[in-house]
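Chemist: What follows is the file data-v4.tsv, containing TSV, N, CA and C atoms:
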chain	number	residue	atom	x	y	z
X	1	MET	N	61.27	192.74	144.05
X	1	MET	CA	62.44	191.95	143.71
X	1	MET	C	62.02	190.83	142.77
X	2	LYS	N	63.02	190.34	142.05
X	2	LYS	CA	62.80	189.19	141.19
X	2	LYS	C	64.12	188.45	141.04
X	3	ILE	N	64.05	187.22	140.57
X	3	ILE	CA	65.28	186.48	140.29
X	3	ILE	C	65.87	187.04	139.02
X	4	ASP	N	67.11	187.53	139.11
X	4	ASP	CA	67.81	188.09	137.96
X	4	ASP	C	68.40	186.96	137.11
X	5	HIS	N	69.08	186.04	137.79
X	5	HIS	CA	69.65	184.90	137.07
X	5	HIS	C	70.00	183.78	138.03
X	6	ILE	N	70.25	182.62	137.45
X	6	ILE	CA	70.75	181.47	138.19
X	6	ILE	C	72.12	181.16	137.60
X	7	GLY	N	73.14	181.21	138.46
X	7	GLY	CA	74.51	180.96	138.03
X	7	GLY	C	74.83	179.48	138.07
X	8	ILE	N	75.36	178.97	136.96
X	8	ILE	CA	75.71	177.56	136.86
X	8	ILE	C	77.19	177.44	136.53
X	9	ALA	N	77.93	176.77	137.42
X	9	ALA	CA	79.36	176.56	137.22
X	9	ALA	C	79.59	175.43	136.23
X	10	THR	N	80.53	175.65	135.32
X	10	THR	CA	80.88	174.65	134.33
X	10	THR	C	82.36	174.75	134.03
X	11	SER	N	82.97	173.64	133.70
X	11	SER	CA	84.39	173.68	133.34
X	11	SER	C	84.58	174.14	131.90
X	12	GLY	N	83.50	174.17	131.11
X	12	GLY	CA	83.60	174.62	129.73
X	12	GLY	C	82.29	175.18	129.22
X	13	ILE	N	82.25	176.48	128.98
X	13	ILE	CA	81.02	177.13	128.52
X	13	ILE	C	80.57	176.57	127.17
X	14	GLU	N	81.49	176.37	126.26
X	14	GLU	CA	81.10	175.90	124.93
X	14	GLU	C	80.38	174.56	125.00
X	15	GLN	N	80.89	173.66	125.81
X	15	GLN	CA	80.24	172.36	125.98
X	15	GLN	C	78.86	172.54	126.63
X	16	ALA	N	78.79	173.37	127.66
X	16	ALA	CA	77.52	173.61	128.35
X	16	ALA	C	76.50	174.26	127.41
X	17	LEU	N	76.97	175.17	126.55
X	17	LEU	CA	76.06	175.82	125.61
X	17	LEU	C	75.40	174.80	124.68
X	18	GLY	N	76.12	173.71	124.40
X	18	GLY	CA	75.56	172.67	123.55
X	18	GLY	C	74.23	172.18	124.08
X	19	PHE	N	74.14	172.01	125.38
X	19	PHE	CA	72.87	171.57	125.97
X	19	PHE	C	71.84	172.69	125.96
X	20	TRP	N	72.21	173.84	126.54
X	20	TRP	CA	71.24	174.92	126.71
X	20	TRP	C	70.74	175.47	125.37
X	21	LYS	N	71.62	175.55	124.37
X	21	LYS	CA	71.21	176.05	123.06
X	21	LYS	C	70.54	174.97	122.23
X	22	ASP	N	71.21	173.82	122.09
X	22	ASP	CA	70.71	172.80	121.18
X	22	ASP	C	69.51	172.05	121.73
X	23	ALA	N	69.58	171.65	122.98
X	23	ALA	CA	68.49	170.85	123.55
X	23	ALA	C	67.29	171.70	123.96
X	24	LEU	N	67.55	172.92	124.46
X	24	LEU	CA	66.45	173.75	124.96
X	24	LEU	C	66.13	174.95	124.08
X	25	GLY	N	67.01	175.26	123.13
X	25	GLY	CA	66.74	176.38	122.23
X	25	GLY	C	67.01	177.76	122.79
X	26	LEU	N	67.76	177.83	123.91
X	26	LEU	CA	68.08	179.14	124.47
X	26	LEU	C	69.19	179.79	123.66
X	27	GLU	N	69.23	181.11	123.69
X	27	GLU	CA	70.21	181.87	122.92
X	27	GLU	C	71.20	182.58	123.85
X	28	ASN	N	72.48	182.47	123.52
X	28	ASN	CA	73.52	183.19	124.26
X	28	ASN	C	73.51	184.63	123.77
X	29	VAL	N	72.99	185.54	124.60
X	29	VAL	CA	72.86	186.93	124.18
X	29	VAL	C	74.00	187.82	124.64
X	30	HIS	N	74.82	187.30	125.57
X	30	HIS	CA	75.91	188.12	126.08
X	30	HIS	C	76.99	187.22	126.66
X	31	SER	N	78.22	187.43	126.23
X	31	SER	CA	79.38	186.74	126.80
X	31	SER	C	80.42	187.77	127.15
X	32	GLU	N	81.14	187.52	128.23
X	32	GLU	CA	82.25	188.40	128.60
X	32	GLU	C	83.13	187.69	129.62
X	33	THR	N	84.32	188.23	129.78
X	33	THR	CA	85.21	187.79	130.84
X	33	THR	C	85.24	188.87	131.90
X	34	VAL	N	84.98	188.46	133.15
X	34	VAL	CA	85.03	189.40	134.28
X	34	VAL	C	86.37	189.14	134.97
X	35	GLU	N	87.34	189.96	134.64
X	35	GLU	CA	88.73	189.74	135.06
X	35	GLU	C	88.90	189.64	136.57
X	36	ASP	N	88.29	190.57	137.32
X	36	ASP	CA	88.52	190.58	138.77
X	36	ASP	C	87.88	189.38	139.47
X	37	GLN	N	86.93	188.71	138.81
X	37	GLN	CA	86.33	187.51	139.38
X	37	GLN	C	86.89	186.23	138.76
X	38	LYS	N	87.80	186.42	137.78
X	38	LYS	CA	88.48	185.30	137.11
X	38	LYS	C	87.48	184.30	136.55
X	39	VAL	N	86.54	184.84	135.77
X	39	VAL	CA	85.47	184.01	135.24
X	39	VAL	C	85.03	184.52	133.87
X	40	LYS	N	84.66	183.58	133.02
X	40	LYS	CA	84.03	183.88	131.75
X	40	LYS	C	82.56	183.54	131.91
X	41	VAL	N	81.67	184.42	131.42
X	41	VAL	CA	80.23	184.19	131.58
X	41	VAL	C	79.52	184.21	130.23
X	42	ALA	N	78.42	183.49	130.18
X	42	ALA	CA	77.50	183.53	129.05
X	42	ALA	C	76.10	183.65	129.63
X	43	MET	N	75.32	184.59	129.12
X	43	MET	CA	73.96	184.84	129.61
X	43	MET	C	72.93	184.36	128.59
X	44	LEU	N	71.99	183.56	129.08
X	44	LEU	CA	70.95	183.00	128.24
X	44	LEU	C	69.58	183.32	128.84
X	45	PRO	N	68.80	184.20	128.19
X	45	PRO	CA	67.48	184.53	128.72
X	45	PRO	C	66.58	183.30	128.78
X	46	LEU	N	65.80	183.25	129.85
X	46	LEU	CA	64.83	182.18	130.06
X	46	LEU	C	63.63	182.81	130.75
X	47	GLY	N	62.63	183.17	129.98
X	47	GLY	CA	61.49	183.90	130.53
X	47	GLY	C	61.94	185.26	131.04
X	48	GLU	N	61.55	185.59	132.26
X	48	GLU	CA	61.94	186.88	132.84
X	48	GLU	C	63.29	186.83	133.55
X	49	THR	N	63.93	185.68	133.54
X	49	THR	CA	65.23	185.55	134.20
X	49	THR	C	66.26	185.10	133.18
X	50	ARG	N	67.44	184.75	133.65
X	50	ARG	CA	68.50	184.29	132.76
X	50	ARG	C	69.25	183.14	133.43
X	51	ILE	N	69.85	182.32	132.60
X	51	ILE	CA	70.81	181.32	133.04
X	51	ILE	C	72.18	181.95	132.80
X	52	GLU	N	73.04	181.95	133.80
X	52	GLU	CA	74.39	182.48	133.66
X	52	GLU	C	75.36	181.31	133.77
X	53	LEU	N	76.01	180.98	132.67
X	53	LEU	CA	77.03	179.93	132.69
X	53	LEU	C	78.35	180.56	133.11
X	54	LEU	N	79.07	179.91	134.02
X	54	LEU	CA	80.31	180.44	134.58
X	54	LEU	C	81.44	179.46	134.36
X	55	GLU	N	82.49	179.91	133.70
X	55	GLU	CA	83.68	179.10	133.46
X	55	GLU	C	84.88	179.82	134.08
X	56	PRO	N	85.66	179.13	134.89
X	56	PRO	CA	86.83	179.78	135.50
X	56	PRO	C	87.88	180.11	134.45
X	57	THR	N	88.59	181.21	134.66
X	57	THR	CA	89.69	181.57	133.76
X	57	THR	C	91.06	181.32	134.40
X	58	SER	N	91.06	180.89	135.67
X	58	SER	CA	92.32	180.54	136.33
X	58	SER	C	92.05	179.52	137.42
X	59	GLY	N	93.10	178.87	137.87
X	59	GLY	CA	92.97	177.85	138.89
X	59	GLY	C	92.58	178.37	140.25
X	60	ASP	N	92.79	179.67	140.50
X	60	ASP	CA	92.42	180.22	141.81
X	60	ASP	C	91.10	180.99	141.77
X	61	SER	N	90.34	180.81	140.72
X	61	SER	CA	89.02	181.42	140.61
X	61	SER	C	88.06	180.77	141.61
X	62	PRO	N	87.13	181.54	142.18
X	62	PRO	CA	86.12	180.92	143.04
X	62	PRO	C	85.36	179.81	142.32
X	63	ILE	N	85.16	179.95	141.02
X	63	ILE	CA	84.46	178.90	140.26
X	63	ILE	C	85.32	177.65	140.16
X	64	SER	N	86.64	177.81	140.01
X	64	SER	CA	87.54	176.64	140.01
X	64	SER	C	87.41	175.88	141.32
X	65	LYS	N	87.42	176.62	142.41
X	65	LYS	CA	87.31	175.99	143.74
X	65	LYS	C	85.97	175.28	143.89
X	66	PHE	N	84.91	175.91	143.41
X	66	PHE	CA	83.58	175.29	143.47
X	66	PHE	C	83.57	173.99	142.68
X	67	LEU	N	84.11	174.03	141.45
X	67	LEU	CA	84.13	172.84	140.61
X	67	LEU	C	84.93	171.71	141.24
X	68	GLU	N	86.07	172.04	141.87
X	68	GLU	CA	86.89	171.03	142.54
X	68	GLU	C	86.13	170.35	143.67
X	69	LYS	N	85.38	171.13	144.45
X	69	LYS	CA	84.65	170.59	145.61
X	69	LYS	C	83.37	169.87	145.21
X	70	ARG	N	82.61	170.46	144.29
X	70	ARG	CA	81.25	169.97	144.03
X	70	ARG	C	80.99	169.52	142.61
X	71	GLY	N	81.88	169.85	141.68
X	71	GLY	CA	81.59	169.58	140.28
X	71	GLY	C	80.68	170.65	139.72
X	72	GLY	N	80.29	170.50	138.48
X	72	GLY	CA	79.42	171.49	137.84
X	72	GLY	C	78.03	171.49	138.43
X	73	GLY	N	77.36	172.61	138.30
X	73	GLY	CA	75.99	172.71	138.79
X	73	GLY	C	75.65	174.10	139.26
X	74	ILE	N	74.52	174.22	139.94
X	74	ILE	CA	74.07	175.53	140.39
X	74	ILE	C	75.07	176.09	141.40
X	75	HIS	N	75.55	177.27	141.11
X	75	HIS	CA	76.52	177.96	141.95
X	75	HIS	C	75.85	179.00	142.84
X	76	HIS	N	74.92	179.78	142.26
X	76	HIS	CA	74.26	180.82	143.03
X	76	HIS	C	72.93	181.21	142.41
X	77	ILE	N	72.12	181.88	143.21
X	77	ILE	CA	70.89	182.50	142.73
X	77	ILE	C	71.06	184.00	142.93
X	78	ALA	N	70.75	184.76	141.88
X	78	ALA	CA	70.89	186.21	141.94
X	78	ALA	C	69.52	186.87	141.98
X	79	VAL	N	69.36	187.79	142.92
X	79	VAL	CA	68.12	188.52	143.10
X	79	VAL	C	68.37	189.98	142.74
X	80	GLU	N	67.51	190.51	141.89
X	80	GLU	CA	67.63	191.93	141.50
X	80	GLU	C	67.01	192.81	142.58
X	81	VAL	N	67.75	193.83	142.97
X	81	VAL	CA	67.26	194.81	143.95
X	81	VAL	C	67.34	196.20	143.32
X	82	ASP	N	66.51	197.11	143.80
X	82	ASP	CA	66.51	198.48	143.29
X	82	ASP	C	67.68	199.28	143.82
X	83	ASP	N	68.03	199.06	145.09
X	83	ASP	CA	69.09	199.81	145.75
X	83	ASP	C	70.00	198.84	146.49
X	84	ILE	N	71.08	198.47	145.86
X	84	ILE	CA	71.96	197.44	146.44
X	84	ILE	C	72.62	197.92	147.73
X	85	HIS	N	72.93	199.20	147.81
X	85	HIS	CA	73.56	199.72	149.02
X	85	HIS	C	72.60	199.59	150.22
X	86	ALA	N	71.35	199.93	150.01
X	86	ALA	CA	70.34	199.80	151.08
X	86	ALA	C	70.13	198.33	151.44
X	87	ALA	N	70.14	197.45	150.43
X	87	ALA	CA	69.95	196.02	150.69
X	87	ALA	C	71.10	195.46	151.52
X	88	VAL	N	72.32	195.88	151.22
X	88	VAL	CA	73.49	195.43	151.98
X	88	VAL	C	73.39	195.91	153.43
X	89	VAL	N	73.02	197.16	153.62
X	89	VAL	CA	72.88	197.71	154.98
X	89	VAL	C	71.79	196.95	155.74
X	90	ARG	N	70.66	196.69	155.09
X	90	ARG	CA	69.56	195.97	155.73
X	90	ARG	C	69.98	194.55	156.12
X	91	LEU	N	70.67	193.85	155.23
X	91	LEU	CA	71.14	192.49	155.53
X	91	LEU	C	72.15	192.48	156.67
X	92	LYS	N	73.07	193.43	156.63
X	92	LYS	CA	74.09	193.51	157.69
X	92	LYS	C	73.43	193.77	159.04
X	93	ALA	N	72.45	194.68	159.06
X	93	ALA	CA	71.74	195.00	160.30
X	93	ALA	C	70.96	193.79	160.82
X	94	ALA	N	70.53	192.93	159.91
X	94	ALA	CA	69.78	191.72	160.30
X	94	ALA	C	70.71	190.58	160.72
X	95	GLY	N	72.03	190.84	160.65
X	95	GLY	CA	72.99	189.83	161.09
X	95	GLY	C	73.47	188.88	160.01
X	96	ALA	N	73.15	189.16	158.76
X	96	ALA	CA	73.59	188.30	157.66
X	96	ALA	C	75.10	188.40	157.48
X	97	ARG	N	75.71	187.29	157.15
X	97	ARG	CA	77.14	187.25	156.84
X	97	ARG	C	77.31	187.60	155.38
X	98	LEU	N	78.01	188.68	155.11
X	98	LEU	CA	78.18	189.17	153.75
X	98	LEU	C	79.58	188.85	153.23
X	99	ILE	N	79.64	188.39	152.01
X	99	ILE	CA	80.93	188.21	151.35
X	99	ILE	C	81.42	189.57	150.85
X	100	ASP	N	80.47	190.38	150.37
X	100	ASP	CA	80.77	191.73	149.88
X	100	ASP	C	79.99	192.75	150.70
X	101	GLU	N	80.68	193.45	151.59
X	101	GLU	CA	80.03	194.51	152.34
X	101	GLU	C	79.94	195.79	151.53
X	102	VAL	N	80.75	195.86	150.48
X	102	VAL	CA	80.72	196.98	149.55
X	102	VAL	C	80.45	196.39	148.16
X	103	PRO	N	79.36	196.82	147.50
X	103	PRO	CA	79.07	196.30	146.17
X	103	PRO	C	80.22	196.55	145.20
X	104	ARG	N	80.34	195.64	144.23
X	104	ARG	CA	81.38	195.75	143.21
X	104	ARG	C	80.76	195.54	141.84
X	105	THR	N	81.52	195.80	140.80
X	105	THR	CA	81.01	195.67	139.44
X	105	THR	C	81.07	194.21	139.00
X	106	GLY	N	79.96	193.75	138.43
X	106	GLY	CA	79.87	192.39	137.94
X	106	GLY	C	79.67	192.37	136.43
X	107	ALA	N	79.24	191.23	135.93
X	107	ALA	CA	79.00	191.06	134.49
X	107	ALA	C	77.97	192.07	134.01
X	108	GLY	N	78.19	192.59	132.82
X	108	GLY	CA	77.28	193.56	132.24
X	108	GLY	C	77.34	194.93	132.88
X	109	GLY	N	78.32	195.14	133.78
X	109	GLY	CA	78.49	196.44	134.41
X	109	GLY	C	77.53	196.72	135.56
X	110	CYS	N	76.75	195.73	135.97
X	110	CYS	CA	75.83	195.95	137.09
X	110	CYS	C	76.59	195.89	138.41
X	111	LEU	N	75.96	196.37	139.47
X	111	LEU	CA	76.55	196.27	140.80
X	111	LEU	C	76.11	194.96	141.43
X	112	ILE	N	77.04	194.28	142.12
X	112	ILE	CA	76.72	193.00	142.75
X	112	ILE	C	77.29	192.95	144.17
X	113	ALA	N	76.71	192.09	144.98
X	113	ALA	CA	77.23	191.79	146.32
X	113	ALA	C	76.72	190.40	146.68
X	114	PHE	N	77.61	189.58	147.23
X	114	PHE	CA	77.25	188.22	147.60
X	114	PHE	C	76.98	188.10	149.09
X	115	VAL	N	75.98	187.27	149.41
X	115	VAL	CA	75.63	186.92	150.77
X	115	VAL	C	76.09	185.49	151.00
X	116	HIS	N	76.80	185.25	152.09
X	116	HIS	CA	77.35	183.93	152.39
X	116	HIS	C	76.24	182.89	152.54
X	117	PRO	N	76.46	181.68	152.04
X	117	PRO	CA	75.45	180.63	152.15
X	117	PRO	C	75.01	180.33	153.59
X	118	SER	N	75.87	180.57	154.56
X	118	SER	CA	75.50	180.31	155.95
X	118	SER	C	74.35	181.20	156.42
X	119	SER	N	74.12	182.30	155.74
X	119	SER	CA	73.03	183.21	156.10
X	119	SER	C	71.79	183.02	155.23
X	120	ALA	N	71.90	182.19	154.20
X	120	ALA	CA	70.79	182.03	153.25
X	120	ALA	C	70.43	180.56	153.08
X	121	ASN	N	70.41	179.83	154.19
X	121	ASN	CA	70.00	178.43	154.20
X	121	ASN	C	70.79	177.57	153.21
X	122	GLY	N	72.10	177.82	153.12
X	122	GLY	CA	72.96	177.02	152.28
X	122	GLY	C	73.06	177.46	150.83
X	123	VAL	N	72.41	178.57	150.49
X	123	VAL	CA	72.42	179.06	149.11
X	123	VAL	C	73.32	180.29	149.02
X	124	LEU	N	74.25	180.29	148.05
X	124	LEU	CA	75.03	181.50	147.78
X	124	LEU	C	74.08	182.45	147.06
X	125	LEU	N	73.84	183.60	147.67
X	125	LEU	CA	72.90	184.58	147.15
X	125	LEU	C	73.66	185.79	146.62
X	126	GLU	N	73.35	186.18	145.41
X	126	GLU	CA	73.95	187.37	144.81
X	126	GLU	C	72.88	188.44	144.69
X	127	LEU	N	73.18	189.63	145.17
X	127	LEU	CA	72.31	190.79	144.96
X	127	LEU	C	72.80	191.49	143.70
X	128	VAL	N	71.88	191.93	142.86
X	128	VAL	CA	72.23	192.57	141.61
X	128	VAL	C	71.42	193.85	141.46
X	129	GLN	N	72.12	194.94	141.16
X	129	GLN	CA	71.44	196.20	140.79
X	129	GLN	C	71.86	196.51	139.37
X	130	GLN	N	70.87	196.57	138.49
X	130	GLN	CA	71.14	196.83	137.08
X	130	GLN	C	71.71	198.23	136.88
X	131	LYS	N	72.46	198.40	135.79
X	131	LYS	CA	72.98	199.73	135.45
X	131	LYS	C	71.82	200.68	135.19
X	132	ALA	N	72.03	201.93	135.59
X	132	ALA	CA	70.97	202.94	135.37
X	132	ALA	C	70.85	203.26	133.89
Mind turning this structure into structure tokens?
Modeler:
Amino acid sequence: MKIDHIGIATSGIEQALGFWKDALGLENVHSETVEDQKVKVAMLPLGETRIELLEPTSGDSPISKFLEKRGGGIHHIAVEVDDIHAAVVRLKAAGARLIDEVPRTGAGGCLIAFVHPSSANGVLLELVQQKA
């Protein structure tokens, strides 16, 4: 396993890109809107991982709710797994509280599933299986 990306909530991707691109020299290599998650994303490679900027596209987006409660900042850490279905089964058997018991499609067409922060020491954990 490895860290796939670190998700950072922001109220405006363009403003956030100003820091990540201009101050640190990172490049936005992929942007898209993930309709079912009501979020716009921008992916910026950083070594073997990526920074994922997340901007809500509606007021009822999970990112909108996060921003209202906590403001901008780290939203989640995503870990790449080889077999997301097996990882979900293993976590469930270990008693982890899962937000997604069935993986769904995320940004870039990969499969994702979230683990509730109460099971991961206060961290929202995203499992990611890359497209074949």
Chemist: Could you check the closest approach to Leu98 of chain X for each of X:Leu124, X:Leu111, X:Val39, X:Ala78 and tell me which residue wins, using only C-alpha atoms?
Modeler: X:Leu124
Chemist: In segment 7-130 of chain X, what's alpha helix (DSSP H) per DSSP? Answer as a list in words?
Modeler: Ile13, Glu14, Gln15, Ala16, Leu17, Pro62, Ile63, Ser64, Lys65, Phe66, Leu67, Glu68, Lys69, Arg70, Ile84, His85, Ala86, Ala87, Val88, Val89, Arg90, Leu91, Lys92 and Ala93 of chain X
Chemist: Here is a test: counting only C-alpha atoms, which residue of X:Gly122, X:His75, X:Glu48, X:Asp36 is nearest to Asp60 of chain X?
Modeler: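 The shortest atom-to-atom distance to Asp60 of chain X comes from X:Asp36.
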Chemist: Which of chain X counts as strand (DSSP E) under DSSP, as a PyMOL selection string please?
Modeler: chain X and resi 2-9+30-34+39-46+49-56+73-80+104-105+111-115+125-129
Chemist: List the spatial neighbours of His5 of chain X as number ranges by chain - criterion: any atom at most 6 Å away, all atoms listed in the file, same-chain residues fewer than 4 positions off excluded.
Modeler: X: 49-52, 76-79
Chemist: Those selected residues, please, written with N, CA and C atoms and delivered as a PDB file, in the coordinates of the input.
Modeler:
ATOM      1  N   THR X  49      63.930 185.680 133.540  1.00  0.00           N
ATOM      2  CA  THR X  49      65.230 185.550 134.200  1.00  0.00           C
ATOM      3  C   THR X  49      66.260 185.100 133.180  1.00  0.00           C
ATOM      4  N   ARG X  50      67.440 184.750 133.650  1.00  0.00           N
ATOM      5  CA  ARG X  50      68.500 184.290 132.760  1.00  0.00           C
ATOM      6  C   ARG X  50      69.250 183.140 133.430  1.00  0.00           C
ATOM      7  N   ILE X  51      69.850 182.320 132.600  1.00  0.00           N
ATOM      8  CA  ILE X  51      70.810 181.320 133.040  1.00  0.00           C
ATOM      9  C   ILE X  51      72.180 181.950 132.800  1.00  0.00           C
ATOM     10  N   GLU X  52      73.040 181.950 133.800  1.00  0.00           N
ATOM     11  CA  GLU X  52      74.390 182.480 133.660  1.00  0.00           C
ATOM     12  C   GLU X  52      75.360 181.310 133.770  1.00  0.00           C
ATOM     13  N   HIS X  76      74.920 179.780 142.260  1.00  0.00           N
ATOM     14  CA  HIS X  76      74.260 180.820 143.030  1.00  0.00           C
ATOM     15  C   HIS X  76      72.930 181.210 142.410  1.00  0.00           C
ATOM     16  N   ILE X  77      72.120 181.880 143.210  1.00  0.00           N
ATOM     17  CA  ILE X  77      70.890 182.500 142.730  1.00  0.00           C
ATOM     18  C   ILE X  77      71.060 184.000 142.930  1.00  0.00           C
ATOM     19  N   ALA X  78      70.750 184.760 141.880  1.00  0.00           N
ATOM     20  CA  ALA X  78      70.890 186.210 141.940  1.00  0.00           C
ATOM     21  C   ALA X  78      69.520 186.870 141.980  1.00  0.00           C
ATOM     22  N   VAL X  79      69.360 187.790 142.920  1.00  0.00           N
ATOM     23  CA  VAL X  79      68.120 188.520 143.100  1.00  0.00           C
ATOM     24  C   VAL X  79      68.370 189.980 142.740  1.00  0.00           C
TER      25      VAL X  79
END
Chemist: Please compute the atom N of Gly12 of chain X-atom C of Gly109 of chain X distance, one decimal, in Å.
Modeler: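 Separation of atom N of Gly12 of chain X and atom C of Gly109 of chain X: 23.7 Å.
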Chemist: Looking at X:Phe66, X:Gln130, X:Glu80, X:Gly18, which one is nearest to Gly108 of chain X, with distances taken over all atoms listed in the file?
Modeler: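 Residue with the minimum atom-to-atom distance to Gly108 of chain X: X:Gln130.
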Chemist: Neighbours of Ser31 of chain X within 12 Å (only C-alpha atoms; same-chain residues fewer than 2 positions away dropped), as a VMD selection string?
Modeler: chain X and resid 13 to 14 17 27 to 29 33 to 34 39 to 44 51 to 55 107 to 108
Chemist: Do you know which residues are at most 6 Å from Gly73 of chain X counting all atoms listed in the file, after dropping those on the same chain fewer than 6 positions away, and could you put them as a PDB file with N, CA and C atoms, in the frame of the given file?
Modeler:
ATOM      1  N   GLY X   7      73.140 181.210 138.460  1.00  0.00           N
ATOM      2  CA  GLY X   7      74.510 180.960 138.030  1.00  0.00           C
ATOM      3  C   GLY X   7      74.830 179.480 138.070  1.00  0.00           C
ATOM      4  N   ILE X   8      75.360 178.970 136.960  1.00  0.00           N
ATOM      5  CA  ILE X   8      75.710 177.560 136.860  1.00  0.00           C
ATOM      6  C   ILE X   8      77.190 177.440 136.530  1.00  0.00           C
ATOM      7  N   ALA X   9      77.930 176.770 137.420  1.00  0.00           N
ATOM      8  CA  ALA X   9      79.360 176.560 137.220  1.00  0.00           C
ATOM      9  C   ALA X   9      79.590 175.430 136.230  1.00  0.00           C
ATOM     10  N   THR X  10      80.530 175.650 135.320  1.00  0.00           N
ATOM     11  CA  THR X  10      80.880 174.650 134.330  1.00  0.00           C
ATOM     12  C   THR X  10      82.360 174.750 134.030  1.00  0.00           C
TER      13      THR X  10
END
Chemist: Using all atoms listed in the file for the distances, tell me which of X:Ile63, X:Val123, X:Val88, X:Ala132 is nearest to Asp100 of chain X.
Modeler: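 Nearest to Asp100 of chain X: X:Val88.
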Chemist: Quick one, how far is atom N of Arg97 of chain X from atom N of Glu35 of chain X?
Modeler: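 Between atom N of Arg97 of chain X and atom N of Glu35 of chain X the gap works out to 25.5 Å.
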Chemist: When you draw a straight line from atom CA of Leu24 of chain X to atom CA of Ile74 of chain X, how long is it in Å?
Modeler: 17.3 Å
Chemist: Hey, which of X:Asp4, X:Gln129, X:Ala96, X:Pro62 ends up closest to Ile112 of chain X? Count all atoms listed in the file.
Modeler: X:Gln129
Chemist: Nearest to Lys38 of chain X: which of X:Gly95, X:Pro117, X:Pro103, X:Gly59 is it, counting only N, CA and C atoms?
Modeler: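 Of X:Gly95, X:Pro117, X:Pro103, X:Gly59, the one nearest Lys38 of chain X is X:Gly59, counting only N, CA and C atoms.
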